[in-house]
Amino acid sequence: MSVKKPKLKMGILGVGHMGQYHLNVVSSMNTHEMVGIYEENQDRSLELAAKFETKSFSSIEDLLENVDAVTIAVPTFLHYQIAKKALEYDCHVLLEKPMTQKLEEAIELQKLAKDKKKILQVGHVERFNGAVMELQKIVTDPYFIEARRFAPYNPRIKDSGVILDMLIHDLDIVLNLVTSPVVNFSAMGRFIKGPDYEDIASIQICFENESVATLIGSRVSQNKERIMNITQDKSYILLNYANQDIEIHRQASTAFLTTREEIKYSQESFVEKLYVHKDNPLKSQHQHFYECITENAIPLVPEEKDIETLKIALKSIEQIKANRK
């Protein structure tokens, strides 16, 4: 006889672009009770509440008094303020990335969550991409990692640059794949659409074990691309985030054939396509959040890794701005 799981009373603060995705997912989960939402735009809040058959709250405090946990999907500059309030109301918090705009604010939130004995999970949804989860099983000691994340310009993103908006996903994944301390990193970038936030960035990271990672991001590209290449002993791994596919290249060999007209070059390798169970990463993220709260599951990523990821992201932005000057 199966034991019925307790329902988690859930609220969502901010139901803009990303918040609506959270609302759609949570409303479909039988482990959650979708108590209600809060959105500064009350017309939008009422419209979505009616659509998803939940309640539109008129204040953040009113919602926090009626839930066990919240997803916070407000603009980045409000993350610290609202997450702190939610923790003070004894709510578990799933906070959209980036965690905060300042490192000291993130450290304070983690300390508060620990003091309150509450789960504070950062919404790095790519962690729950099926292919990324498979990487943890097949990546052992990488020599070199290259990540590329390109997208066309989106005027909706107004409070962060390409590093905090896009590259932070790859930074999070790389720091959790390489089991060695970071000894050095450097960043370069360019401002295209305005003077405040970088639109192109490249971050190179060197680890104590001599592994090297290069992350390249652009949000002014004419195509959308999200891939990661990993080179390690006897294998080369190609990950496509978009379709959650993994290819493993092994036993590579090269050959040259010289004729009077030209030099021909060929490369051969055995290619293994890995089967990946494809699920909705956002749903998997909420399921993990639920299990950490109700079943004492161990968080997928240690809290110190969240701080390290944010630290490198913020210092990379500082480097890019300093180089521009």
# chains A, B, ... in the order shown; residues from 1 in each chain; ligands from 1
>>> residues_around(residues="region 3-12 of chain A", least_positions_apart="6", cutoff="7 Å", atoms="only C-alpha atoms", output="number ranges by chain")
A: 31-38, 63, 67-72
>>> closest_atom_pairs(of="region 108-198 of chain A", to="region 228-248 of chain A", cutoff="10 Å", atoms="only C-alpha atoms", output="CSV")
residue,atom,partner,partner_atom,distance
A:Glu126,CA,A:Tyr241,CA,8.1
A:Asn129,CA,A:Gln244,CA,6.9
A:Gly130,CA,A:Gln244,CA,6.3
A:Ala131,CA,A:Gln244,CA,5.0
A:Val132,CA,A:Tyr241,CA,7.8
A:Glu134,CA,A:Ile246,CA,8.6
A:Leu135,CA,A:Ile246,CA,8.5
A:Ile138,CA,A:Ile237,CA,8.9
A:Val139,CA,A:Gln232,CA,7.7
A:Thr140,CA,A:Gln232,CA,7.6
A:Asp141,CA,A:Gln232,CA,6.1
A:Pro142,CA,A:Gln232,CA,4.3
A:Tyr143,CA,A:Gln232,CA,5.2
A:Phe144,CA,A:Thr231,CA,5.2
A:Ile145,CA,A:Ile230,CA,4.5
A:Glu146,CA,A:Asn229,CA,5.1
A:Ala147,CA,A:Met228,CA,4.3
A:Arg148,CA,A:Met228,CA,6.4
A:Arg149,CA,A:Met228,CA,8.7
A:Asp170,CA,A:Met228,CA,8.3
A:Ile173,CA,A:Met228,CA,10.0
A:Val174,CA,A:Met228,CA,9.6
>>> residues_around(residues="region 216-218 of chain A", least_positions_apart="4", cutoff="7 Å", atoms="only C-alpha atoms", output="PyMOL selection string")
chain A and resi 147-151+162+167+199-203
>>> closest_atom_pairs(of="region 169-258 of chain A", to="region 312-324 of chain A", cutoff="7 Å", atoms="only C-alpha atoms", output="CSV")
residue,atom,partner,partner_atom,distance
A:Ser186,CA,A:Ser316,CA,6.7
A:Ala187,CA,A:Ser316,CA,5.2
A:Met188,CA,A:Ile320,CA,5.2
A:Gly189,CA,A:Ile320,CA,5.6
>>> atom_distance(atom1="CA of Glu96 (chain A)", atom2="CA of Gly123 (chain A)")
4.3 Å
>>> select_by_dssp(residues="region 54-234 of chain A", states="helix (DSSP H, G or I)", output="VMD selection string")
chain A and resid 60 to 64 76 to 88 103 to 116 125 to 128 130 to 138 162 to 177
>>> atom_distance(atom1="CA of Thr294 (chain A)", atom2="CA of Leu87 (chain A)")
16.9 Å
>>> closest_residue(among="A:Thr179, A:Asp196, A:Ile163, A:Asp279", to="Leu215 (chain A)", atoms="only C-alpha atoms")
A:Ile163
>>> closest_residue(among="A:Lys97, A:Arg250, A:Ser211, A:Glu295", to="Glu272 (chain A)", atoms="only C-alpha atoms")
A:Arg250
>>> select_by_dssp(residues="region 73-292 of chain A", states="strand (DSSP E)", output="JSON, numbers by chain")
{"A": [92, 93, 94, 95, 96, 120, 121, 122, 123, 142, 143, 144, 145, 146, 147, 148, 149, 150, 182, 183, 184, 185, 186, 187, 188, 189, 190, 200, 201, 202, 203, 204, 205, 206, 207, 212, 213, 214, 215, 216, 217, 218, 225, 226, 227, 228, 229, 230, 231, 232, 235, 236, 237, 238, 239, 240, 245, 246, 247, 248, 249, 250, 251, 252, 253, 254, 255, 256, 257, 258, 263, 264, 265, 266, 267, 268, 269, 270, 271, 272, 273, 274]}
>>> residues_around(residues="Phe77 (chain A)", least_positions_apart="2", cutoff="10 Å", atoms="only C-alpha atoms", output="PyMOL selection string")
chain A and resi 74-75+79-82+98-102+159-160
>>> atom_distance(atom1="CA of Val93 (chain A)", atom2="CA of Lys118 (chain A)")
7.7 Å
>>> closest_residue(among="A:Gly16, A:Pro299, A:Gly161, A:Pro281", to="Arg219 (chain A)", atoms="only C-alpha atoms")
A:Gly161
>>> residues_around(residues="Glu39 (chain A)", least_positions_apart="3", cutoff="8 Å", atoms="only C-alpha atoms", output="PyMOL selection string")
chain A and resi 13-16+42+44-45
>>> closest_residue(among="A:Lys158, A:Lys273, A:Arg190, A:Lys117", to="Asn296 (chain A)", atoms="only C-alpha atoms")
A:Lys117
